[in-house]
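Enquirer: The structure's right below; bear with me while I get my questions together.
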Amino acid sequence: MSRAVTAAELGLLRCHVCSQLSRAAASQREPRCPRCGAGLHLRKPSSVSRSWALLVAAMILYVPANTLPMMRTSSLFGSQSDTILSGGVYFWTSGSWYLALIIFFASIMVPMLKMIALALLLVSVQLRSRWQPGQRARLYRLVEFVGRWSMLDIYVVAVIVALVQLKALATIQPGAGAAAFGAVVVLTMFSAMAFDPRLIWDAREPVHG
Amino acid sequence: MSVPLVACHECDLLQREVPLPEGGVARCGRCGAELYRDRPASLDRTLALAAGALLLFAIANSFPILGLALQGQVIHTTLYGAVHRLWDEDMKSVATLVFATTIAVPAIELSALAYLLLPVRLGRLPPHFTHVFRVLQAVRPWGMVEVFMLGVLVSLVKLAHLAGVVPGIALWSFAALMLLMAALTAVFDPRALWKAAGALARPAAPA
C-alpha cells in the first residue's frame with residue numbers, strides 16, 4: 001500500500017464489540033452495528049477528557065493509598081499498622097527478598113509507572129504529537145496488560161484478614177489504605193480503557209471531524 | 001465490498017484480510033497490534049475448556065483455600081469467607097472488588113461462553129446471542145483469577161512466619177482454574193463464533 005488509509009477516512013466504523021466494519025448512513029444520528037447492535041463511534045467519545053478525569057482521580061487517591069495503613073495488627077504485645085511500603089520492607093528484612101520484589105513491583109512501580117505513562121500518552125495526543133507513534137502504541141499495550149497485577153495487594157489483605165482472627169492472640173484488620181489502593185487500581189484501569197489508542201495515529205492524518 | 005477488509009483496533013488502519021496458515025498471526029502493518037490469529041478448532045476447544053473450568057470453579061469456591069494452624073485449632077477460609085470478612089470489617093468497597101474480580105466475573109465469563117457456544121455447536125442460535133456476547137466482552141478485562149492466585153501465594157509465605165499454614169483443596173483448584181482460564185484466552189476466537197452464528201442466522205432471516 002502506497003499510503004495508509006484508515007477506516008475513519010473512508011467513513012467506515014469498526015464495532016468495538018464484534019469487530020464488524022460498517023458504513024454509517026448520513027441520516028443516522030446514532031449508528032449501531034448491523035451485526036451485534038452495539039453503538040458505533042469513529043473514536044471513543046470524549047476519550048481524552050474521560051481518561052484524564054479518571055486518571056486525576058486515581059492520582060489523588062494514590063496519596064492516601066500509600067500513606068494510610070493497609071492492615072492493622074493487634075496482638076497481646078500491642079498494635080501495629082502496615083502501609084504498602086512497610087509491608088514490602090518487612091519482607092525484605094525478614095529474608096523473603098523475592099516477595100519484597102514482587103510487592104515492590106506490583107504495588108509501587110506498576111501503579112506509578114502506569115499513571116505516568118497514561119499522562120504521557122494523553123499529553124502527546126492533546127499536542128497532536130507525531131513523535132514515535134509505534135513506541136507509544138507499545139506503551140499503551142503494556143499499560144493495558146500490566147495494570148491488573150496491582151490488585152495483588154488487595155488479595156493479600158483479603159486472605160490475611162480472613163485467616164488471622166485468633167481472638168485473644170492476634171487479629172488483623174483491613175485499613176483505609178486498602179480501599180484507596182483498590183480505587184486507584186480500578187480508576188487507572190477505567191482510564192486506560194477510556195483512552196483511544198487510535199488517537200496516537202490520528203495526528204498523522206488530515207484532521208477529520 | 002468484494003475484498004474483505006479489517007480495521008486495526010489500535011490504529012484504525014484498513015487492511016486486506018488474508019487467509020492464514022495454521023497457527024499463523026496477522027499483525028497490523030503499521031502499529032504491530034494483533035489483528036487476528038488462526039485458532040484451530042476454536043469453538044470445540046473453548047467449549048471443552050469452559051466446561052472443565054466451570055467444574056473447577058465450583059470446587060474452588062466450595063472448599064477452603066488456606067487454613068492457619070495455631071495451638072491445636074485450625075482456622076479455614078474459603079474465598080467467599082474472605083469476602084464476607086472484609087464486608088463485616090466495614091470494607092465494603094474492597095469486599096465488592098474482590099467478589100467481582102474473583103467470583104462474579106469468572107462465573108459470568110464461563111457461563112456466557114457455555115451459553116453461547118453449546119447451542120451454536122448444536123446448530124442453534126441461543127436467544128439474546130448479541131447481548132450475551134456484549135456482556136462477555138465487557139466483563140473479560142475484570143477477571144483476575146491469576147492475580148488472586150499470586151496474592152494467595154504471597155499471603156501463604158507471609159503467614160508461614162506466624163503459624164502453620166495448611167493449603168486447602170481450593171488452592172489447587174484455583175491453580176488449575178488459572179491455567180484453564182489462560183488456555184481459554186489463547187483458544188477462544190470471537191471471529192469464528194460470529195462466523196458460525198452468522199451462518200445459523202442467515203437462513204432464518206427474511207430477505
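By convention in this document, the chains of the C-alpha cells carry letters A, B, ... by their order, each chain's residues are numbered from 1, and ligands are numbered from 1 in the order they are shown.
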For Leu86 of chain B, list every protein, DNA or RNA residue within 7 Å, evaluated using only C-alpha atoms, and leave out those in the same chain fewer than 4 positions away; present the list as a PyMOL selection string.
Expert: (chain A and resi 158) or (chain B and resi 82+90-92+95)
Enquirer: At a cut-off of 6 Å, list the chain B residues touching chain A, using only C-alpha atoms, as a VMD selection string.
Expert: chain B and resid 10 to 14 31 82 85 94 130 147 to 148 151 155
Enquirer: If you run DSSP over the backbone, which residues in segment 33-165 of chain A end up strand (DSSP E)? Put them as a list in words.
Expert: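 The strand (DSSP E) subset of segment 33-165 of chain A is Met71, Arg72, Thr73, Ser74, Ser75, Gly78, Ser79, Gln80, Ser81 and Asp82 of chain A.
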Enquirer: Restricted to C-alpha atoms, what would the selected residues look like written as a compact mmCIF listing (two decimals), in the first residue's frame?
Expert:
```txt
# COMPACT_ATOMS: atom_id res chain seq x y z
CA MET A 71 -3.58 -3.62 57.61
CA ARG A 72 -3.68 -3.15 61.36
CA THR A 73 -2.32 -5.97 63.50
CA SER A 74 -3.42 -6.09 67.14
CA SER A 75 -1.93 -8.68 69.47
CA GLY A 78 0.32 -4.05 71.18
CA SER A 79 -0.81 -2.99 67.74
CA GLN A 80 0.99 -2.15 64.56
CA SER A 81 -0.04 -0.61 61.23
CA ASP A 82 1.40 -1.55 57.87
```
Enquirer: Please determine, counting only C-alpha atoms, which residue among B:Ala192, B:Leu43, B:Val18, B:Val98 has the shortest atom-to-atom distance to Gly81 of chain B.
Expert: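 Checking each of B:Ala192, B:Leu43, B:Val18, B:Val98 against Gly81 of chain B, counting only C-alpha atoms, the winner is B:Val98.
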Enquirer: Applying 10 Å and only C-alpha atoms, which residues near Leu162 of chain B remain after dropping the ones on its own chain fewer than 4 positions away? List them as a PDB file with C-alpha atoms, in the first residue's frame.
Expert:
```pdb
ATOM      1  CA  VAL A 164      -5.693 -14.126  61.252  1.00  0.00           C
TER       2      VAL A 164
ATOM      3  CA  LEU B  68      -3.990 -21.494  59.718  1.00  0.00           C
ATOM      4  CA  ALA B  69      -2.979 -23.956  62.427  1.00  0.00           C
ATOM      5  CA  LEU B  70      -2.114 -22.491  65.796  1.00  0.00           C
ATOM      6  CA  VAL B 157       4.562 -17.026  52.747  1.00  0.00           C
ATOM      7  CA  LYS B 158       3.624 -14.080  54.950  1.00  0.00           C
TER       8      LYS B 158
END
```
Enquirer: Fewer than 6 positions away in the same chain doesn't count, so skip those; otherwise give me all residues within 9 Å of Ile84 of chain A, counting only C-alpha atoms, as a ChimeraX atom specification.
Expert: /A:65-71,103-104,107-108,153,177-178
Enquirer: Save out the residues we just selected, N, CA and C atoms, as an mmCIF file, in the first residue's frame.
Expert:
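Generated output (again01.cif):
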```
data_model
loop_
_atom_site.group_PDB
_atom_site.id
_atom_site.type_symbol
_atom_site.label_atom_id
_atom_site.label_comp_id
_atom_site.auth_asym_id
_atom_site.auth_seq_id
_atom_site.Cartn_x
_atom_site.Cartn_y
_atom_site.Cartn_z
ATOM 1 N N ALA A 65 -3.568 6.042 49.461
ATOM 2 C CA ALA A 65 -3.292 4.617 49.252
ATOM 3 C C ALA A 65 -1.913 4.245 49.784
ATOM 4 N N ASN A 66 -0.974 5.189 49.719
ATOM 5 C CA ASN A 66 0.382 4.884 50.167
ATOM 6 C C ASN A 66 0.673 5.330 51.593
ATOM 7 N N THR A 67 -0.128 6.279 52.104
ATOM 8 C CA THR A 67 0.178 6.775 53.449
ATOM 9 C C THR A 67 -0.702 6.126 54.514
ATOM 10 N N LEU A 68 -1.946 5.768 54.173
ATOM 11 C CA LEU A 68 -2.816 5.125 55.163
ATOM 12 C C LEU A 68 -2.452 3.648 55.273
ATOM 13 N N PRO A 69 -2.712 3.042 56.439
ATOM 14 C CA PRO A 69 -2.350 1.629 56.600
ATOM 15 C C PRO A 69 -3.229 0.700 55.763
ATOM 16 N N MET A 70 -2.600 -0.344 55.217
ATOM 17 C CA MET A 70 -3.342 -1.390 54.531
ATOM 18 C C MET A 70 -3.931 -2.361 55.551
ATOM 19 N N MET A 71 -3.162 -2.641 56.595
ATOM 20 C CA MET A 71 -3.579 -3.615 57.608
ATOM 21 C C MET A 71 -3.177 -3.129 58.987
ATOM 22 N N ILE A 103 6.113 -7.474 45.595
ATOM 23 C CA ILE A 103 5.271 -6.437 46.189
ATOM 24 C C ILE A 103 5.693 -5.064 45.661
ATOM 25 N N PHE A 104 7.009 -4.832 45.652
ATOM 26 C CA PHE A 104 7.519 -3.545 45.202
ATOM 27 C C PHE A 104 7.107 -3.289 43.753
ATOM 28 N N SER A 107 2.870 -3.339 43.487
ATOM 29 C CA SER A 107 2.101 -2.357 44.247
ATOM 30 C C SER A 107 2.659 -0.948 44.188
ATOM 31 N N ILE A 108 3.925 -0.799 43.898
ATOM 32 C CA ILE A 108 4.500 0.545 43.915
ATOM 33 C C ILE A 108 4.895 0.982 42.511
ATOM 34 N N ASP A 153 -2.005 -6.744 46.074
ATOM 35 C CA ASP A 153 -2.011 -6.398 47.493
ATOM 36 C C ASP A 153 -3.410 -6.491 48.106
ATOM 37 N N GLY A 177 -6.245 2.341 53.794
ATOM 38 C CA GLY A 177 -5.359 2.369 52.636
ATOM 39 C C GLY A 177 -5.763 1.349 51.585
ATOM 40 N N ALA A 178 -6.312 0.206 52.051
ATOM 41 C CA ALA A 178 -6.719 -0.835 51.102
ATOM 42 C C ALA A 178 -7.833 -0.346 50.188
#
```
Enquirer: Point out the residue among B:Trp87, B:Tyr80, B:Phe63, B:Trp142 with the least atom-to-atom distance to Ala100 of chain B, counting only C-alpha atoms.
Expert: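 Looking only at the distances to Ala100 of chain B, the closest residue turns out to be B:Trp142.
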Enquirer: Within 12 Å of Leu179 of chain B, counting only C-alpha atoms, which residues show up once you throw out same-chain ones fewer than 2 positions away? Write them as a PDB file with C-alpha atoms, in the first residue's frame, please.
Expert:
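Output contents, as saved in out_26.pdb:
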```
ATOM      1  CA  LEU B  49     -12.092 -25.747  28.444  1.00  0.00           C
ATOM      2  CA  ALA B  50     -15.116 -23.760  29.631  1.00  0.00           C
ATOM      3  CA  GLY B  52     -13.692 -28.004  32.733  1.00  0.00           C
ATOM      4  CA  ALA B  53     -13.213 -24.520  34.152  1.00  0.00           C
ATOM      5  CA  LEU B  56     -13.052 -26.350  38.850  1.00  0.00           C
ATOM      6  CA  PHE B  57     -14.680 -23.017  39.637  1.00  0.00           C
ATOM      7  CA  VAL B 145      -8.023 -15.310  38.856  1.00  0.00           C
ATOM      8  CA  GLU B 146      -4.274 -15.363  38.078  1.00  0.00           C
ATOM      9  CA  MET B 149      -3.551 -16.860  42.829  1.00  0.00           C
ATOM     10  CA  TRP B 172      -5.070 -26.475  43.952  1.00  0.00           C
ATOM     11  CA  SER B 173      -8.396 -25.947  42.189  1.00  0.00           C
ATOM     12  CA  PHE B 174      -7.642 -22.248  41.799  1.00  0.00           C
ATOM     13  CA  ALA B 175      -4.216 -23.038  40.382  1.00  0.00           C
ATOM     14  CA  ALA B 176      -5.782 -25.375  37.821  1.00  0.00           C
ATOM     15  CA  LEU B 177      -8.576 -22.889  37.107  1.00  0.00           C
ATOM     16  CA  MET B 181      -8.603 -19.574  32.054  1.00  0.00           C
ATOM     17  CA  ALA B 182      -5.272 -18.721  30.433  1.00  0.00           C
ATOM     18  CA  ALA B 183      -5.811 -21.504  27.891  1.00  0.00           C
ATOM     19  CA  LEU B 184      -9.313 -20.156  27.215  1.00  0.00           C
ATOM     20  CA  THR B 185      -7.989 -16.730  26.247  1.00  0.00           C
ATOM     21  CA  ALA B 186      -5.486 -18.389  23.936  1.00  0.00           C
TER      22      ALA B 186
END
```
Enquirer: Report as a VMD selection string all protein, DNA and RNA residues lying within 8 Å of Val6 of chain B, evaluated on only C-alpha atoms, omitting residues in the same chain fewer than 2 positions from it.
Expert: (chain A and resid 21) or (chain B and resid 4 8 14 to 17 35)
